[in-house]
Amino acid sequence: MLALKDEKELTRAPTPAKSTNASKPAGKSTSSVGKQVESASSSHRKKRARVQEEHEAEVSDDDVRDQAYSEEVSDQEQETDGEESDEPTKIVSKKRQPKKAAATTPKKRPTKSVAKAPSRSKSLIIKTPTTQRSISASAPKTDFEHARNRLHVKAVPDSLPCREDEFLEIQEHLESAIEDGTGSCIYISGVPGTGKTATVHEVIRSLQAKAEEGEISPFQFVEINGMKVTEPSYAYVLLWMALSEQKVTANHALQLLEKQFSTPGPRRLPCVVLMDELDLLVTSKQTVMYNFFEWPNWLHSRLIVVAVANTMDLPERMLSNKVSSRLGLTRINFQPYSYQQLVKIVESRLEGIQAFRREAIEFAARKVGAVSGDARRALDICRRAVEIVETNAQKAEDQRRLKAERNPFEDLGPAPDPEQVTIRTVDQAIKEMFASPNVRLIQTASLHQKLFLVALTARLRRLGLAEVEFSEIAHAHLQMCRLHNIEPPMLSELSAICASLGSSRCLLVESGKQDLHQRVRLSVSEEDVIMALKIDPLFRRLLDTLPSAPAT
């Protein structure tokens, strides 16, 4: 038994040796498998890198084609922004990306292969487009069409008659200021329709023609209209935009303008600023008016201001006498046109056109000259008379055509020529133009309401102001009542009359005040008041006493 155990132990003893010996071949096989795996993985990486390079080459080719396509589209559509033109390239590259590349981390595409189109909007100066009236390209065929076009108030005439003296005075003043390179200020006043703005524009066109020919130094021209600005301080923004082509806030523009006008600038061009409708640029502290009147007095400003207003003493009334006296304004007053001047203005527009009779033009000029002397109103009346003649001629032509259709065998003869504009036609035009809702409203007003309107009109004309205080109107109203034996109303009744006319939009009444210092102005034109009341004999006598022009 012992021998058997020993024999078994002897037989088991070599087992660990065999196992150790057998482990060596196993180690060798494991290392060989690892080498095979590493070689396989390296070959796989090489293959994957080769595939990735082929994919990148394909993507770069697609990007080049897409970039060429995007550049072609951007050239055809210039209004499209640069960033919008890049989006089609990105979408195409995403759709063409293969599925295998999604499993691996793709390399970043080189930035040189995609050339981004530059944004064109940054290099352009954005300007607000100006509205223009569409004018028919067809030439006028008849004398009436010619007359209708030339009689339009916006038509620019070849010459500006009856304002030769004012033209020369303004031209000499501006030309001397431009040549000397100094600042200056001109204040032009006059009732509406007396050719103030038209004369200044004619002077500017003449000076610009001289500057182009080299007769005078070049200059800049800026026009600021009080009716076209949202608030008076926006005038600073418009002036700075014209000088620098930069849009900033009103306060910043004021600071920049003051800095520029106080700094020497030998190469800076003189700047002529036309401030039209200055009455509408009035503020509570009058800073806008004061600055534009004060800047021309600065040594280095080279600013020339031409202020146009309907009120003669606007600087004295809005600014203190001490301030207005040292502004050094050159004043030019435009008187209303007379009857003879209105005839000359209309005839200059109708030169070479046989559409009006001489007595018709004289009739229209007399009617307007007796009311206001407004040249624009005379042109509007004559233009409306032409339209009436054309309408009557068209109606006659339609009737003639209908008659020819009913009786095709009847000989109607040649078509008659349209009649010229006669006194009857002008009278019809005047009645149509003055039969406005405002005229009918004034005609239906009470006696004291009409007297209040006449008293206000008289004060406005006598003082040459755009608005007056309630106490002055009340005083004039009571005087008219005493002169014509009319029972005068109480002061409270006059206040109620003023409030009722304000609610009916005949007057503009200062809000927040109900005392004697309340300021009142007309909301309708003076012509409407005169045309509505001149039928009554009482008011005709009152209207005959109205001054024809503001007192000088």
# chains A, B, ... in the order shown; residues from 1 in each chain; ligands from 1
call {"tool": "residues_around", "arguments": {"residues": "range 162-170 of chain A", "least_positions_apart": "3", "cutoff": "7 Å", "atoms": "only C-alpha atoms", "output": "PDB file with N, CA and C atoms, in the first residue's frame"}}
result
ATOM      1  N   HIS A 173     -26.063 139.456 -49.953  1.00  0.00           N
ATOM      2  CA  HIS A 173     -25.703 139.169 -48.564  1.00  0.00           C
ATOM      3  C   HIS A 173     -25.072 137.782 -48.437  1.00  0.00           C
ATOM      4  N   LEU A 174     -25.669 136.785 -49.088  1.00  0.00           N
ATOM      5  CA  LEU A 174     -25.132 135.422 -48.989  1.00  0.00           C
ATOM      6  C   LEU A 174     -23.791 135.304 -49.703  1.00  0.00           C
ATOM      7  N   THR A 199     -38.135 132.571 -53.368  1.00  0.00           N
ATOM      8  CA  THR A 199     -37.032 133.491 -53.663  1.00  0.00           C
ATOM      9  C   THR A 199     -35.708 132.966 -53.116  1.00  0.00           C
ATOM     10  N   VAL A 203     -32.306 131.990 -55.214  1.00  0.00           N
ATOM     11  CA  VAL A 203     -30.978 132.525 -54.899  1.00  0.00           C
ATOM     12  C   VAL A 203     -29.968 131.394 -54.718  1.00  0.00           C
ATOM     13  N   GLN A 341     -49.160 142.760 -59.648  1.00  0.00           N
ATOM     14  CA  GLN A 341     -48.115 141.745 -59.525  1.00  0.00           C
ATOM     15  C   GLN A 341     -48.677 140.334 -59.709  1.00  0.00           C
TER      16      GLN A 341
END
call {"tool": "select_by_dssp", "arguments": {"residues": "range 399-466 of chain A", "states": "alpha helix (DSSP H)", "output": "number ranges by chain"}}
result
A: 399-406, 423-434, 437-443, 447-463
call {"tool": "write_last_selection", "arguments": {"atoms": "N, CA and C atoms", "output": "short mmCIF file (atom, residue, chain, number, x, y, z; two decimals), in the first residue's frame"}}
result
data_model
loop_
_atom_site.label_atom_id
_atom_site.label_comp_id
_atom_site.auth_asym_id
_atom_site.auth_seq_id
_atom_site.Cartn_x
_atom_site.Cartn_y
_atom_site.Cartn_z
N GLN A 399 -70.93 113.42 -75.16
CA GLN A 399 -72.26 113.56 -75.76
C GLN A 399 -72.20 113.44 -77.27
N ARG A 400 -71.17 113.97 -77.86
CA ARG A 400 -71.01 113.88 -79.31
C ARG A 400 -70.80 112.43 -79.74
N ARG A 401 -70.05 111.66 -78.97
CA ARG A 401 -69.82 110.25 -79.30
C ARG A 401 -71.11 109.43 -79.15
N LEU A 402 -71.88 109.69 -78.09
CA LEU A 402 -73.15 108.99 -77.92
C LEU A 402 -74.13 109.30 -79.05
N LYS A 403 -74.14 110.55 -79.46
CA LYS A 403 -75.03 110.94 -80.56
C LYS A 403 -74.62 110.27 -81.85
N ALA A 404 -73.29 110.14 -82.06
CA ALA A 404 -72.81 109.46 -83.27
C ALA A 404 -73.14 107.97 -83.23
N GLU A 405 -73.14 107.36 -82.05
CA GLU A 405 -73.50 105.94 -81.95
C GLU A 405 -74.99 105.71 -82.21
N ARG A 406 -75.81 106.66 -81.79
CA ARG A 406 -77.26 106.50 -82.01
C ARG A 406 -77.63 106.76 -83.48
N ILE A 423 -64.22 134.82 -67.56
CA ILE A 423 -64.53 135.32 -66.22
C ILE A 423 -65.55 134.40 -65.55
N ARG A 424 -66.49 133.91 -66.30
CA ARG A 424 -67.51 133.02 -65.73
C ARG A 424 -66.86 131.75 -65.19
N THR A 425 -65.89 131.22 -65.90
CA THR A 425 -65.20 130.01 -65.43
C THR A 425 -64.42 130.29 -64.16
N VAL A 426 -63.72 131.42 -64.11
CA VAL A 426 -62.95 131.78 -62.91
C VAL A 426 -63.88 131.99 -61.72
N ASP A 427 -65.01 132.62 -61.95
CA ASP A 427 -65.97 132.84 -60.87
C ASP A 427 -66.49 131.51 -60.33
N GLN A 428 -66.73 130.56 -61.21
CA GLN A 428 -67.16 129.23 -60.76
C GLN A 428 -66.07 128.54 -59.95
N ALA A 429 -64.82 128.70 -60.38
CA ALA A 429 -63.70 128.11 -59.63
C ALA A 429 -63.58 128.73 -58.24
N ILE A 430 -63.76 130.05 -58.16
CA ILE A 430 -63.67 130.72 -56.85
C ILE A 430 -64.76 130.23 -55.92
N LYS A 431 -65.97 130.10 -56.44
CA LYS A 431 -67.08 129.62 -55.60
C LYS A 431 -66.84 128.19 -55.13
N GLU A 432 -66.29 127.36 -56.00
CA GLU A 432 -66.02 125.97 -55.60
C GLU A 432 -64.92 125.90 -54.55
N MET A 433 -63.88 126.71 -54.72
CA MET A 433 -62.75 126.63 -53.80
C MET A 433 -63.09 127.20 -52.43
N PHE A 434 -63.91 128.24 -52.41
CA PHE A 434 -64.23 128.87 -51.13
C PHE A 434 -65.48 128.30 -50.51
N PRO A 437 -65.94 123.30 -46.19
CA PRO A 437 -66.64 123.09 -44.91
C PRO A 437 -66.35 124.19 -43.90
N ASN A 438 -65.14 124.73 -43.91
CA ASN A 438 -64.83 125.81 -42.98
C ASN A 438 -65.66 127.06 -43.27
N VAL A 439 -65.83 127.37 -44.57
CA VAL A 439 -66.63 128.54 -44.93
C VAL A 439 -68.08 128.35 -44.51
N ARG A 440 -68.61 127.17 -44.76
CA ARG A 440 -70.01 126.91 -44.37
C ARG A 440 -70.16 126.94 -42.85
N LEU A 441 -69.14 126.47 -42.12
CA LEU A 441 -69.20 126.49 -40.66
C LEU A 441 -69.21 127.92 -40.14
N ILE A 442 -68.38 128.78 -40.73
CA ILE A 442 -68.33 130.17 -40.29
C ILE A 442 -69.63 130.90 -40.64
N GLN A 443 -70.20 130.58 -41.79
CA GLN A 443 -71.45 131.22 -42.19
C GLN A 443 -72.60 130.86 -41.27
N LEU A 447 -73.79 135.67 -34.30
CA LEU A 447 -73.30 137.01 -34.56
C LEU A 447 -72.01 137.29 -33.80
N HIS A 448 -71.98 137.00 -32.51
CA HIS A 448 -70.79 137.31 -31.72
C HIS A 448 -69.64 136.35 -32.03
N GLN A 449 -69.95 135.15 -32.49
CA GLN A 449 -68.86 134.26 -32.93
C GLN A 449 -68.19 134.83 -34.18
N LYS A 450 -68.98 135.38 -35.11
CA LYS A 450 -68.41 136.01 -36.29
C LYS A 450 -67.61 137.25 -35.92
N LEU A 451 -68.15 138.05 -34.99
CA LEU A 451 -67.42 139.22 -34.55
C LEU A 451 -66.10 138.84 -33.88
N PHE A 452 -66.10 137.76 -33.12
CA PHE A 452 -64.88 137.31 -32.46
C PHE A 452 -63.82 136.92 -33.50
N LEU A 453 -64.25 136.24 -34.57
CA LEU A 453 -63.31 135.86 -35.62
C LEU A 453 -62.76 137.08 -36.35
N VAL A 454 -63.62 138.07 -36.60
CA VAL A 454 -63.15 139.28 -37.26
C VAL A 454 -62.17 140.04 -36.35
N ALA A 455 -62.48 140.12 -35.05
CA ALA A 455 -61.58 140.80 -34.12
C ALA A 455 -60.23 140.10 -34.04
N LEU A 456 -60.23 138.77 -34.04
CA LEU A 456 -58.97 138.03 -34.02
C LEU A 456 -58.17 138.26 -35.30
N THR A 457 -58.85 138.22 -36.46
CA THR A 457 -58.16 138.45 -37.73
C THR A 457 -57.55 139.85 -37.79
N ALA A 458 -58.30 140.84 -37.27
CA ALA A 458 -57.78 142.22 -37.27
C ALA A 458 -56.53 142.35 -36.41
N ARG A 459 -56.53 141.72 -35.23
CA ARG A 459 -55.37 141.80 -34.35
C ARG A 459 -54.16 141.08 -34.95
N LEU A 460 -54.40 139.93 -35.56
CA LEU A 460 -53.30 139.19 -36.17
C LEU A 460 -52.66 139.99 -37.29
N ARG A 461 -53.47 140.64 -38.10
CA ARG A 461 -52.91 141.41 -39.22
C ARG A 461 -52.22 142.68 -38.73
N ARG A 462 -52.80 143.30 -37.74
CA ARG A 462 -52.23 144.57 -37.28
C ARG A 462 -50.88 144.34 -36.58
N LEU A 463 -50.79 143.27 -35.79
CA LEU A 463 -49.57 143.00 -35.04
C LEU A 463 -48.56 142.16 -35.83
#
call {"tool": "closest_residue", "arguments": {"among": "A:Leu491, A:Leu207, A:Leu379, A:Ile530", "to": "His475 in chain A", "atoms": "only C-alpha atoms"}}
result
A:Leu491
call {"tool": "closest_residue", "arguments": {"among": "A:Gly195, A:Asp398, A:Met289, A:Leu254", "to": "Tyr337 in chain A", "atoms": "only C-alpha atoms"}}
result
A:Gly195
call {"tool": "select_by_dssp", "arguments": {"residues": "range 491-530 of chain A", "states": "strand (DSSP E or B)", "output": "ChimeraX atom specification"}}
result
/A:507-509,519-522
call {"tool": "atom_distance", "arguments": {"atom1": "CA of Glu213 in chain A", "atom2": "CA of Glu172 in chain A"}}
result
17.6 Å
call {"tool": "residues_around", "arguments": {"residues": "range 219-222 of chain A", "least_positions_apart": "5", "cutoff": "9 Å", "atoms": "only C-alpha atoms", "output": "number ranges by chain"}}
result
A: 178, 204, 208, 211, 238-239, 242-243, 269-275
call {"tool": "write_last_selection", "arguments": {"atoms": "C-alpha atoms", "output": "short mmCIF file (atom, residue, chain, number, x, y, z; two decimals), in the first residue's frame"}}
result
data_model
loop_
_atom_site.label_atom_id
_atom_site.label_comp_id
_atom_site.auth_asym_id
_atom_site.auth_seq_id
_atom_site.Cartn_x
_atom_site.Cartn_y
_atom_site.Cartn_z
CA ILE A 178 -19.58 132.90 -48.46
CA ILE A 204 -29.45 129.20 -53.81
CA GLN A 208 -24.71 126.95 -56.79
CA ALA A 211 -19.89 127.86 -57.51
CA LEU A 238 -30.66 117.22 -39.38
CA LEU A 239 -27.86 119.78 -39.42
CA ALA A 242 -25.85 117.07 -43.39
CA LEU A 243 -22.40 118.05 -42.15
CA LEU A 269 -16.83 124.81 -46.33
CA PRO A 270 -19.29 127.56 -45.46
CA CYS A 271 -22.74 126.16 -44.67
CA VAL A 272 -25.98 127.93 -45.64
CA VAL A 273 -28.95 126.74 -43.56
CA LEU A 274 -32.50 127.59 -44.63
CA MET A 275 -34.84 127.37 -41.63
#
call {"tool": "closest_residue", "arguments": {"among": "A:Glu410, A:Glu387, A:Asp313, A:Glu347", "to": "Ser159 in chain A", "atoms": "only C-alpha atoms"}}
result
A:Glu347
call {"tool": "closest_residue", "arguments": {"among": "A:Tyr339, A:Tyr234, A:Trp240, A:Trp295", "to": "Cys185 in chain A", "atoms": "only C-alpha atoms"}}
result
A:Trp295
call {"tool": "closest_residue", "arguments": {"among": "A:Ser500, A:Thr422, A:Asn297, A:Gln518", "to": "Glu469 in chain A", "atoms": "only C-alpha atoms"}}
result
A:Gln518
call {"tool": "closest_residue", "arguments": {"among": "A:Glu179, A:Glu212, A:Glu231, A:Asp143", "to": "Arg302 in chain A", "atoms": "only C-alpha atoms"}}
result
A:Glu179
